[in-house]
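Enquirer: query-v3.cif is the file, holding mmCIF, N, CA and C atoms:
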data_query
#
loop_
_atom_site.group_PDB
_atom_site.id
_atom_site.type_symbol
_atom_site.label_atom_id
_atom_site.label_comp_id
_atom_site.auth_asym_id
_atom_site.auth_seq_id
_atom_site.Cartn_x
_atom_site.Cartn_y
_atom_site.Cartn_z
ATOM 1 N N MET I 1292 -14.148 72.715 -120.230
ATOM 2 C CA MET I 1292 -13.832 72.442 -121.619
ATOM 3 C C MET I 1292 -12.456 73.026 -121.936
ATOM 4 N N PRO I 1293 -11.584 72.254 -122.643
ATOM 5 C CA PRO I 1293 -10.256 72.764 -122.973
ATOM 6 C C PRO I 1293 -10.331 73.954 -123.926
ATOM 7 N N ARG I 1294 -9.377 74.817 -123.778
ATOM 8 C CA ARG I 1294 -9.316 76.001 -124.642
ATOM 9 C C ARG I 1294 -8.940 75.616 -126.073
ATOM 10 N N PHE I 1295 -8.026 74.642 -126.192
ATOM 11 C CA PHE I 1295 -7.567 74.204 -127.508
ATOM 12 C C PHE I 1295 -7.878 72.735 -127.692
ATOM 13 N N SER I 1296 -8.165 72.362 -128.888
ATOM 14 C CA SER I 1296 -8.341 70.953 -129.213
ATOM 15 C C SER I 1296 -7.031 70.462 -129.804
ATOM 16 N N ILE I 1297 -6.319 69.636 -129.056
ATOM 17 C CA ILE I 1297 -5.005 69.154 -129.490
ATOM 18 C C ILE I 1297 -5.176 67.761 -130.074
ATOM 19 N N PRO I 1298 -4.833 67.589 -131.351
ATOM 20 C CA PRO I 1298 -4.980 66.259 -131.969
ATOM 21 C C PRO I 1298 -4.137 65.224 -131.242
ATOM 22 N N SER I 1299 -4.575 63.986 -131.286
ATOM 23 C CA SER I 1299 -3.869 62.919 -130.585
ATOM 24 C C SER I 1299 -2.556 62.531 -131.248
ATOM 25 N N VAL I 1300 -2.207 63.138 -132.369
ATOM 26 C CA VAL I 1300 -0.947 62.804 -133.035
ATOM 27 C C VAL I 1300 0.259 63.356 -132.283
ATOM 28 N N PHE I 1301 0.033 64.282 -131.367
ATOM 29 C CA PHE I 1301 1.136 64.856 -130.614
ATOM 30 C C PHE I 1301 1.413 64.011 -129.376
ATOM 31 N N ILE I 1302 2.642 63.544 -129.259
ATOM 32 C CA ILE I 1302 3.035 62.774 -128.088
ATOM 33 C C ILE I 1302 3.447 63.722 -126.974
ATOM 34 N N ASP I 1303 4.234 64.727 -127.326
ATOM 35 C CA ASP I 1303 4.724 65.709 -126.367
ATOM 36 C C ASP I 1303 4.608 67.097 -126.960
ATOM 37 N N ILE I 1304 4.310 68.039 -126.111
ATOM 38 C CA ILE I 1304 4.284 69.442 -126.506
ATOM 39 C C ILE I 1304 5.118 70.204 -125.492
ATOM 40 N N VAL I 1305 6.075 70.997 -125.995
ATOM 41 C CA VAL I 1305 6.929 71.805 -125.126
ATOM 42 C C VAL I 1305 6.580 73.263 -125.379
ATOM 43 N N SER I 1306 6.152 73.935 -124.350
ATOM 44 C CA SER I 1306 5.771 75.335 -124.460
ATOM 45 C C SER I 1306 6.854 76.216 -123.840
ATOM 46 N N SER I 1307 7.095 77.345 -124.450
ATOM 47 C CA SER I 1307 8.079 78.279 -123.892
ATOM 48 C C SER I 1307 7.633 78.788 -122.525
ATOM 49 N N TYR I 1308 6.340 78.713 -122.254
ATOM 50 C CA TYR I 1308 5.830 79.163 -120.961
ATOM 51 C C TYR I 1308 6.253 78.227 -119.819
ATOM 52 N N ALA I 1309 6.651 77.011 -120.171
ATOM 53 C CA ALA I 1309 7.070 76.035 -119.160
ATOM 54 C C ALA I 1309 8.591 75.983 -119.000
ATOM 55 N N LEU I 1310 9.305 76.815 -119.735
ATOM 56 C CA LEU I 1310 10.764 76.784 -119.722
ATOM 57 C C LEU I 1310 11.355 78.051 -119.135
ATOM 58 N N ASP I 1311 12.544 77.920 -118.594
ATOM 59 C CA ASP I 1311 13.332 79.077 -118.198
ATOM 60 C C ASP I 1311 13.633 79.879 -119.465
ATOM 61 N N ALA I 1312 13.679 81.171 -119.358
ATOM 62 C CA ALA I 1312 13.883 82.043 -120.525
ATOM 63 C C ALA I 1312 15.149 81.700 -121.305
ATOM 64 N N SER I 1313 16.171 81.194 -120.636
ATOM 65 C CA SER I 1313 17.422 80.854 -121.324
ATOM 66 C C SER I 1313 17.297 79.590 -122.171
ATOM 67 N N LEU I 1314 16.194 78.862 -122.035
ATOM 68 C CA LEU I 1314 16.032 77.585 -122.733
ATOM 69 C C LEU I 1314 15.031 77.634 -123.889
ATOM 70 N N VAL I 1315 14.449 78.800 -124.144
ATOM 71 C CA VAL I 1315 13.479 78.912 -125.238
ATOM 72 C C VAL I 1315 14.210 79.082 -126.567
ATOM 73 N N LYS I 1316 13.459 78.922 -127.654
ATOM 74 C CA LYS I 1316 14.041 79.077 -128.987
ATOM 75 C C LYS I 1316 14.783 80.401 -129.105
ATOM 76 N N PRO I 1317 15.916 80.399 -129.722
ATOM 77 C CA PRO I 1317 16.528 79.379 -130.568
ATOM 78 C C PRO I 1317 17.432 78.377 -129.834
ATOM 79 N N SER I 1318 17.382 78.315 -128.530
ATOM 80 C CA SER I 1318 18.145 77.303 -127.799
ATOM 81 C C SER I 1318 17.750 75.911 -128.296
ATOM 82 N N PRO I 1319 18.702 74.997 -128.408
ATOM 83 C CA PRO I 1319 18.385 73.636 -128.851
ATOM 84 C C PRO I 1319 17.760 72.766 -127.760
ATOM 85 N N PHE I 1320 17.504 73.335 -126.583
ATOM 86 C CA PHE I 1320 17.062 72.553 -125.433
ATOM 87 C C PHE I 1320 15.857 71.667 -125.722
ATOM 88 N N ALA I 1321 14.787 72.209 -126.272
ATOM 89 C CA ALA I 1321 13.552 71.435 -126.470
ATOM 90 C C ALA I 1321 13.791 70.249 -127.397
ATOM 91 N N VAL I 1322 14.517 70.464 -128.476
ATOM 92 C CA VAL I 1322 14.798 69.376 -129.413
ATOM 93 C C VAL I 1322 15.652 68.314 -128.736
ATOM 94 N N SER I 1323 16.692 68.747 -128.048
ATOM 95 C CA SER I 1323 17.580 67.797 -127.368
ATOM 96 C C SER I 1323 16.834 67.011 -126.298
ATOM 97 N N MET I 1324 15.982 67.689 -125.531
ATOM 98 C CA MET I 1324 15.218 67.043 -124.475
ATOM 99 C C MET I 1324 14.266 66.000 -125.046
ATOM 100 N N LEU I 1325 13.529 66.363 -126.081
ATOM 101 C CA LEU I 1325 12.570 65.430 -126.667
ATOM 102 C C LEU I 1325 13.267 64.254 -127.342
ATOM 103 N N ALA I 1326 14.374 64.521 -128.011
ATOM 104 C CA ALA I 1326 15.124 63.431 -128.640
ATOM 105 C C ALA I 1326 15.607 62.443 -127.583
ATOM 106 N N ALA I 1327 16.169 62.949 -126.496
ATOM 107 C CA ALA I 1327 16.646 62.080 -125.423
ATOM 108 C C ALA I 1327 15.490 61.291 -124.805
ATOM 109 N N LYS I 1328 14.376 61.948 -124.591
ATOM 110 C CA LYS I 1328 13.212 61.280 -123.994
ATOM 111 C C LYS I 1328 12.743 60.110 -124.841
ATOM 112 N N HIS I 1329 12.852 60.255 -126.151
ATOM 113 C CA HIS I 1329 12.362 59.221 -127.056
ATOM 114 C C HIS I 1329 13.468 58.316 -127.588
ATOM 115 N N GLY I 1330 14.677 58.491 -127.039
ATOM 116 C CA GLY I 1330 15.766 57.588 -127.374
ATOM 117 C C GLY I 1330 16.311 57.714 -128.782
ATOM 118 N N VAL I 1331 16.263 58.913 -129.319
ATOM 119 C CA VAL I 1331 16.826 59.148 -130.647
ATOM 120 C C VAL I 1331 17.847 60.278 -130.580
ATOM 121 N N GLU I 1332 18.716 60.289 -131.526
ATOM 122 C CA GLU I 1332 19.667 61.393 -131.640
ATOM 123 C C GLU I 1332 18.962 62.581 -132.297
ATOM 124 N N PRO I 1333 19.320 63.799 -131.901
ATOM 125 C CA PRO I 1333 18.725 64.961 -132.582
ATOM 126 C C PRO I 1333 18.946 64.927 -134.095
ATOM 127 N N SER I 1334 20.044 64.334 -134.534
ATOM 128 C CA SER I 1334 20.313 64.258 -135.977
ATOM 129 C C SER I 1334 19.311 63.348 -136.700
ATOM 130 N N ASP I 1335 18.565 62.553 -135.950
ATOM 131 C CA ASP I 1335 17.529 61.704 -136.531
ATOM 132 C C ASP I 1335 16.138 62.324 -136.400
ATOM 133 N N ALA I 1336 16.086 63.580 -135.980
ATOM 134 C CA ALA I 1336 14.815 64.276 -135.768
ATOM 135 C C ALA I 1336 14.647 65.391 -136.798
ATOM 136 N N VAL I 1337 13.400 65.781 -137.004
ATOM 137 C CA VAL I 1337 13.104 66.952 -137.822
ATOM 138 C C VAL I 1337 12.396 67.976 -136.949
ATOM 139 N N VAL I 1338 12.581 69.232 -137.300
ATOM 140 C CA VAL I 1338 11.860 70.329 -136.661
ATOM 141 C C VAL I 1338 11.101 71.049 -137.762
ATOM 142 N N VAL I 1339 9.796 71.090 -137.639
ATOM 143 C CA VAL I 1339 8.945 71.778 -138.603
ATOM 144 C C VAL I 1339 8.557 73.101 -137.982
ATOM 145 N N GLY I 1340 8.849 74.178 -138.670
ATOM 146 C CA GLY I 1340 8.540 75.479 -138.105
ATOM 147 C C GLY I 1340 8.288 76.532 -139.157
ATOM 148 N N ASP I 1341 7.750 77.648 -138.683
ATOM 149 C CA ASP I 1341 7.411 78.738 -139.609
ATOM 150 C C ASP I 1341 8.078 80.053 -139.223
ATOM 151 N N ALA I 1342 9.123 79.963 -138.399
ATOM 152 C CA ALA I 1342 9.809 81.174 -137.956
ATOM 153 C C ALA I 1342 11.325 80.937 -137.929
ATOM 154 N N GLU I 1343 12.062 82.022 -138.005
ATOM 155 C CA GLU I 1343 13.522 81.937 -137.992
ATOM 156 C C GLU I 1343 14.030 81.249 -136.733
ATOM 157 N N ASN I 1344 13.427 81.562 -135.574
ATOM 158 C CA ASN I 1344 13.850 80.920 -134.330
ATOM 159 C C ASN I 1344 13.680 79.403 -134.382
ATOM 160 N N ASP I 1345 12.637 78.926 -135.041
ATOM 161 C CA ASP I 1345 12.428 77.485 -135.184
ATOM 162 C C ASP I 1345 13.592 76.862 -135.954
ATOM 163 N N MET I 1346 13.984 77.517 -137.036
ATOM 164 C CA MET I 1346 15.060 77.001 -137.873
ATOM 165 C C MET I 1346 16.399 77.055 -137.135
ATOM 166 N N GLN I 1347 16.634 78.145 -136.420
ATOM 167 C CA GLN I 1347 17.868 78.269 -135.641
ATOM 168 C C GLN I 1347 17.941 77.213 -134.546
ATOM 169 N N MET I 1348 16.814 76.912 -133.914
ATOM 170 C CA MET I 1348 16.768 75.879 -132.882
ATOM 171 C C MET I 1348 17.124 74.522 -133.483
ATOM 172 N N ALA I 1349 16.537 74.197 -134.622
ATOM 173 C CA ALA I 1349 16.815 72.920 -135.281
ATOM 174 C C ALA I 1349 18.291 72.801 -135.629
ATOM 175 N N ILE I 1350 18.835 73.841 -136.218
ATOM 176 C CA ILE I 1350 20.243 73.837 -136.614
ATOM 177 C C ILE I 1350 21.141 73.682 -135.395
ATOM 178 N N ALA I 1351 20.848 74.427 -134.339
ATOM 179 C CA ALA I 1351 21.661 74.359 -133.117
ATOM 180 C C ALA I 1351 21.621 72.966 -132.493
ATOM 181 N N ALA I 1352 20.482 72.282 -132.626
ATOM 182 C CA ALA I 1352 20.333 70.947 -132.041
ATOM 183 C C ALA I 1352 20.919 69.856 -132.930
ATOM 184 N N GLY I 1353 21.151 70.182 -134.196
ATOM 185 C CA GLY I 1353 21.633 69.173 -135.127
ATOM 186 C C GLY I 1353 20.514 68.390 -135.789
ATOM 187 N N ALA I 1354 19.283 68.889 -135.679
ATOM 188 C CA ALA I 1354 18.123 68.251 -136.307
ATOM 189 C C ALA I 1354 17.955 68.799 -137.724
ATOM 190 N N THR I 1355 17.111 68.157 -138.488
ATOM 191 C CA THR I 1355 16.815 68.619 -139.845
ATOM 192 C C THR I 1355 15.682 69.636 -139.782
ATOM 193 N N PRO I 1356 15.942 70.877 -140.186
ATOM 194 C CA PRO I 1356 14.873 71.876 -140.187
ATOM 195 C C PRO I 1356 14.021 71.791 -141.449
ATOM 196 N N ILE I 1357 12.723 71.930 -141.269
ATOM 197 C CA ILE I 1357 11.786 72.007 -142.393
ATOM 198 C C ILE I 1357 11.009 73.303 -142.218
ATOM 199 N N ALA I 1358 11.179 74.199 -143.161
ATOM 200 C CA ALA I 1358 10.519 75.505 -143.091
ATOM 201 C C ALA I 1358 9.164 75.442 -143.784
ATOM 202 N N VAL I 1359 8.147 75.944 -143.093
ATOM 203 C CA VAL I 1359 6.797 76.041 -143.640
ATOM 204 C C VAL I 1359 6.497 77.527 -143.833
ATOM 205 N N LEU I 1360 6.103 77.898 -145.022
ATOM 206 C CA LEU I 1360 5.960 79.312 -145.368
ATOM 207 C C LEU I 1360 4.587 79.897 -145.057
ATOM 208 N N THR I 1361 3.932 79.385 -144.045
ATOM 209 C CA THR I 1361 2.622 79.918 -143.672
ATOM 210 C C THR I 1361 2.698 80.810 -142.443
ATOM 211 N N GLY I 1362 3.907 81.139 -142.013
ATOM 212 C CA GLY I 1362 4.068 81.929 -140.798
ATOM 213 C C GLY I 1362 4.927 83.150 -141.012
ATOM 214 N N HIS I 1363 5.941 83.273 -140.177
ATOM 215 C CA HIS I 1363 6.772 84.472 -140.139
ATOM 216 C C HIS I 1363 8.001 84.403 -141.023
ATOM 217 N N LEU I 1364 8.241 83.276 -141.670
ATOM 218 C CA LEU I 1364 9.464 83.060 -142.433
ATOM 219 C C LEU I 1364 9.170 83.084 -143.924
ATOM 220 N N SER I 1365 9.987 83.832 -144.656
ATOM 221 C CA SER I 1365 9.837 83.858 -146.112
ATOM 222 C C SER I 1365 10.785 82.827 -146.724
ATOM 223 N N ALA I 1366 10.540 82.493 -147.965
ATOM 224 C CA ALA I 1366 11.415 81.553 -148.671
ATOM 225 C C ALA I 1366 12.829 82.117 -148.752
ATOM 226 N N GLU I 1367 12.945 83.412 -148.956
ATOM 227 C CA GLU I 1367 14.265 84.053 -149.032
ATOM 228 C C GLU I 1367 15.005 83.922 -147.701
ATOM 229 N N GLN I 1368 14.320 84.176 -146.601
ATOM 230 C CA GLN I 1368 14.950 84.043 -145.288
ATOM 231 C C GLN I 1368 15.370 82.604 -145.023
ATOM 232 N N ALA I 1369 14.511 81.661 -145.369
ATOM 233 C CA ALA I 1369 14.838 80.251 -145.162
ATOM 234 C C ALA I 1369 16.066 79.860 -145.981
ATOM 235 N N THR I 1370 16.123 80.335 -147.203
ATOM 236 C CA THR I 1370 17.273 80.049 -148.059
ATOM 237 C C THR I 1370 18.539 80.658 -147.477
ATOM 238 N N GLU I 1371 18.453 81.888 -146.993
ATOM 239 C CA GLU I 1371 19.613 82.540 -146.376
ATOM 240 C C GLU I 1371 20.107 81.778 -145.149
ATOM 241 N N LEU I 1372 19.201 81.099 -144.444
ATOM 242 C CA LEU I 1372 19.573 80.300 -143.277
ATOM 243 C C LEU I 1372 20.161 78.944 -143.684
ATOM 244 N N GLY I 1373 20.104 78.636 -144.974
ATOM 245 C CA GLY I 1373 20.637 77.370 -145.451
ATOM 246 C C GLY I 1373 19.670 76.207 -145.317
ATOM 247 N N ILE I 1374 18.379 76.496 -145.235
ATOM 248 C CA ILE I 1374 17.378 75.453 -145.069
ATOM 249 C C ILE I 1374 17.178 74.726 -146.394
ATOM 250 N N ARG I 1375 17.313 73.417 -146.354
ATOM 251 C CA ARG I 1375 17.182 72.596 -147.560
ATOM 252 C C ARG I 1375 15.729 72.326 -147.912
ATOM 253 N N TYR I 1376 14.911 72.077 -146.891
ATOM 254 C CA TYR I 1376 13.520 71.714 -147.116
ATOM 255 C C TYR I 1376 12.617 72.895 -146.784
ATOM 256 N N ILE I 1377 12.006 73.457 -147.823
ATOM 257 C CA ILE I 1377 11.113 74.608 -147.679
ATOM 258 C C ILE I 1377 9.808 74.241 -148.370
ATOM 259 N N ILE I 1378 8.710 74.286 -147.611
ATOM 260 C CA ILE I 1378 7.418 73.906 -148.179
ATOM 261 C C ILE I 1378 6.412 75.042 -148.002
ATOM 262 N N PRO I 1379 5.469 75.156 -148.944
ATOM 263 C CA PRO I 1379 4.501 76.258 -148.858
ATOM 264 C C PRO I 1379 3.511 76.096 -147.706
ATOM 265 N N ASP I 1380 3.168 74.861 -147.355
ATOM 266 C CA ASP I 1380 2.252 74.604 -146.244
ATOM 267 C C ASP I 1380 2.430 73.154 -145.798
ATOM 268 N N VAL I 1381 1.792 72.787 -144.708
ATOM 269 C CA VAL I 1381 2.009 71.465 -144.123
ATOM 270 C C VAL I 1381 1.435 70.317 -144.957
ATOM 271 N N THR I 1382 0.619 70.618 -145.946
ATOM 272 C CA THR I 1382 0.121 69.532 -146.792
ATOM 273 C C THR I 1382 1.249 68.885 -147.577
ATOM 274 N N HIS I 1383 2.396 69.547 -147.662
ATOM 275 C CA HIS I 1383 3.563 69.019 -148.378
ATOM 276 C C HIS I 1383 4.530 68.292 -147.449
ATOM 277 N N LEU I 1384 4.223 68.246 -146.183
ATOM 278 C CA LEU I 1384 5.142 67.681 -145.197
ATOM 279 C C LEU I 1384 5.405 66.188 -145.422
ATOM 280 N N GLU I 1385 4.386 65.440 -145.714
ATOM 281 C CA GLU I 1385 4.551 63.993 -145.900
ATOM 282 C C GLU I 1385 5.584 63.682 -146.986
ATOM 283 N N ASN I 1386 5.559 64.428 -148.086
ATOM 284 C CA ASN I 1386 6.531 64.208 -149.157
ATOM 285 C C ASN I 1386 7.958 64.469 -148.682
ATOM 286 N N ILE I 1387 8.149 65.504 -147.896
ATOM 287 C CA ILE I 1387 9.472 65.832 -147.382
ATOM 288 C C ILE I 1387 9.929 64.757 -146.401
ATOM 289 N N LEU I 1388 9.049 64.294 -145.548
ATOM 290 C CA LEU I 1388 9.418 63.269 -144.566
ATOM 291 C C LEU I 1388 9.849 61.984 -145.238
ATOM 292 N N ARG I 1389 9.300 61.679 -146.372
ATOM 293 C CA ARG I 1389 9.717 60.496 -147.134
ATOM 294 C C ARG I 1389 11.138 60.655 -147.677
ATOM 295 N N MET I 1390 11.569 61.897 -147.885
ATOM 296 C CA MET I 1390 12.899 62.174 -148.443
ATOM 297 C C MET I 1390 13.978 62.235 -147.374
ATOM 298 N N THR I 1391 13.608 62.517 -146.134
ATOM 299 C CA THR I 1391 14.617 62.720 -145.094
ATOM 300 C C THR I 1391 14.972 61.430 -144.397
#
Could the structure of this file be written out as structure tokens, please?
Expert:
Amino acid sequence: MPRFSIPSVFIDIVSSYALDASLVKPSPFAVSMLAAKHGVEPSDAVVVGDAENDMQMAIAAGATPIAVLTGHLSAEQATELGIRYIIPDVTHLENILRMT
């Protein structure tokens, strides 16, 4: 039996455990790799995250960062990073995706 139940909405999952240490967040590698794999530019992608490293990775890759305040990132920190889209939880994600 699998340890985690992964919803079928995920096409790809990139884990830091599968990467060389130099390629983990905040490196833009994962975003760039996934964008290339799916034939899109990183600037046409969004990164949803709850930590500063997630936001730094998105910015470094040229993707649109969306900060979710249910993790390690505060609204103040997200604002200081220049994040435009800050949501209290993922239930607000659909509204943001319609705007981007």
Enquirer: Near Val1322 of chain I, within 8 Å and counting all atoms listed in the file, which residues show up once chain neighbours fewer than 3 positions away are dropped, as a tab-separated table (two decimals) with N, CA and C atoms, keeping the file's coordinate frame?
Expert:
chain	number	residue	atom	x	y	z
I	1318	SER	N	17.38	78.32	-128.53
I	1318	SER	CA	18.14	77.30	-127.80
I	1318	SER	C	17.75	75.91	-128.30
I	1319	PRO	N	18.70	75.00	-128.41
I	1319	PRO	CA	18.39	73.64	-128.85
I	1319	PRO	C	17.76	72.77	-127.76
I	1325	LEU	N	13.53	66.36	-126.08
I	1325	LEU	CA	12.57	65.43	-126.67
I	1325	LEU	C	13.27	64.25	-127.34
I	1326	ALA	N	14.37	64.52	-128.01
I	1326	ALA	CA	15.12	63.43	-128.64
I	1326	ALA	C	15.61	62.44	-127.58
I	1327	ALA	N	16.17	62.95	-126.50
I	1327	ALA	CA	16.65	62.08	-125.42
I	1327	ALA	C	15.49	61.29	-124.80
I	1328	LYS	N	14.38	61.95	-124.59
I	1328	LYS	CA	13.21	61.28	-123.99
I	1328	LYS	C	12.74	60.11	-124.84
I	1332	GLU	N	18.72	60.29	-131.53
I	1332	GLU	CA	19.67	61.39	-131.64
I	1332	GLU	C	18.96	62.58	-132.30
I	1333	PRO	N	19.32	63.80	-131.90
I	1333	PRO	CA	18.73	64.96	-132.58
I	1333	PRO	C	18.95	64.93	-134.10
I	1338	VAL	N	12.58	69.23	-137.30
I	1338	VAL	CA	11.86	70.33	-136.66
I	1338	VAL	C	11.10	71.05	-137.76
I	1348	MET	N	16.81	76.91	-133.91
I	1348	MET	CA	16.77	75.88	-132.88
I	1348	MET	C	17.12	74.52	-133.48
I	1349	ALA	N	16.54	74.20	-134.62
I	1349	ALA	CA	16.82	72.92	-135.28
I	1349	ALA	C	18.29	72.80	-135.63
I	1352	ALA	N	20.48	72.28	-132.63
I	1352	ALA	CA	20.33	70.95	-132.04
I	1352	ALA	C	20.92	69.86	-132.93
I	1353	GLY	N	21.15	70.18	-134.20
I	1353	GLY	CA	21.63	69.17	-135.13
I	1353	GLY	C	20.51	68.39	-135.79
I	1354	ALA	N	19.28	68.89	-135.68
I	1354	ALA	CA	18.12	68.25	-136.31
I	1354	ALA	C	17.95	68.80	-137.72
Enquirer: Any idea what the distance is between atom CA of Val1331 of chain I and atom C of Asp1345 of chain I?
Expert: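 Computing it gives 18.8 Å between the two atoms.
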Enquirer: If I take atom C of Ser1334 of chain I and atom CA of Thr1361 of chain I, how far is one from the other in Å, to one decimal?
Expert: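 A separation of 24.5 Å between them.
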Enquirer: Quick one, how far is atom C of Thr1382 of chain I from atom C of Ala1358 of chain I?
Expert: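 Computing the Euclidean distance for atom C of Thr1382 of chain I and atom C of Ala1358 of chain I yields 11.0 Å.
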Enquirer: So, with all atoms listed in the file as the atoms that count, which of I:Thr1355, I:Ser1306, I:Thr1370, I:Ser1313 lies closest to Asp1335 of chain I?
Expert: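 Nearest to Asp1335 of chain I: I:Thr1355.
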Enquirer: Output as an MDAnalysis selection string all residues of segment 1309-1372 of chain I that backbone DSSP marks as strand (DSSP E or B).
Expert: chainID I and resid 1337:1340 1355:1359
Enquirer: For the selection just defined, write its residues with N, CA and C atoms to a file, as a PDB file, in the coordinates of the input.
Expert:
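The result, written out as out-v1.pdb:
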ATOM      1  N   VAL I1337      13.400  65.781-137.004  1.00  0.00           N
ATOM      2  CA  VAL I1337      13.104  66.952-137.822  1.00  0.00           C
ATOM      3  C   VAL I1337      12.396  67.976-136.949  1.00  0.00           C
ATOM      4  N   VAL I1338      12.581  69.232-137.300  1.00  0.00           N
ATOM      5  CA  VAL I1338      11.860  70.329-136.661  1.00  0.00           C
ATOM      6  C   VAL I1338      11.101  71.049-137.762  1.00  0.00           C
ATOM      7  N   VAL I1339       9.796  71.090-137.639  1.00  0.00           N
ATOM      8  CA  VAL I1339       8.945  71.778-138.603  1.00  0.00           C
ATOM      9  C   VAL I1339       8.557  73.101-137.982  1.00  0.00           C
ATOM     10  N   GLY I1340       8.849  74.178-138.670  1.00  0.00           N
ATOM     11  CA  GLY I1340       8.540  75.479-138.105  1.00  0.00           C
ATOM     12  C   GLY I1340       8.288  76.532-139.157  1.00  0.00           C
ATOM     13  N   THR I1355      17.111  68.157-138.488  1.00  0.00           N
ATOM     14  CA  THR I1355      16.815  68.619-139.845  1.00  0.00           C
ATOM     15  C   THR I1355      15.682  69.636-139.782  1.00  0.00           C
ATOM     16  N   PRO I1356      15.942  70.877-140.186  1.00  0.00           N
ATOM     17  CA  PRO I1356      14.873  71.876-140.187  1.00  0.00           C
ATOM     18  C   PRO I1356      14.021  71.791-141.449  1.00  0.00           C
ATOM     19  N   ILE I1357      12.723  71.930-141.269  1.00  0.00           N
ATOM     20  CA  ILE I1357      11.786  72.007-142.393  1.00  0.00           C
ATOM     21  C   ILE I1357      11.009  73.303-142.218  1.00  0.00           C
ATOM     22  N   ALA I1358      11.179  74.199-143.161  1.00  0.00           N
ATOM     23  CA  ALA I1358      10.519  75.505-143.091  1.00  0.00           C
ATOM     24  C   ALA I1358       9.164  75.442-143.784  1.00  0.00           C
ATOM     25  N   VAL I1359       8.147  75.944-143.093  1.00  0.00           N
ATOM     26  CA  VAL I1359       6.797  76.041-143.640  1.00  0.00           C
ATOM     27  C   VAL I1359       6.497  77.527-143.833  1.00  0.00           C
TER      28      VAL I1359
END
Enquirer: Mind checking DSSP for chain I and telling me the alpha helix (DSSP H) residues as a count of residues only?
Expert: 32
Enquirer: Identify the residues around (4.4, 73.1, -143.0) within a radius of 8 Å, measuring from all atoms listed in the file in the coordinates stated by the file, and give them as JSON, numbers by chain.
Expert: {"I": [1339, 1340, 1341, 1357, 1358, 1359, 1360, 1361, 1377, 1378, 1379, 1380, 1381, 1382, 1383, 1384]}
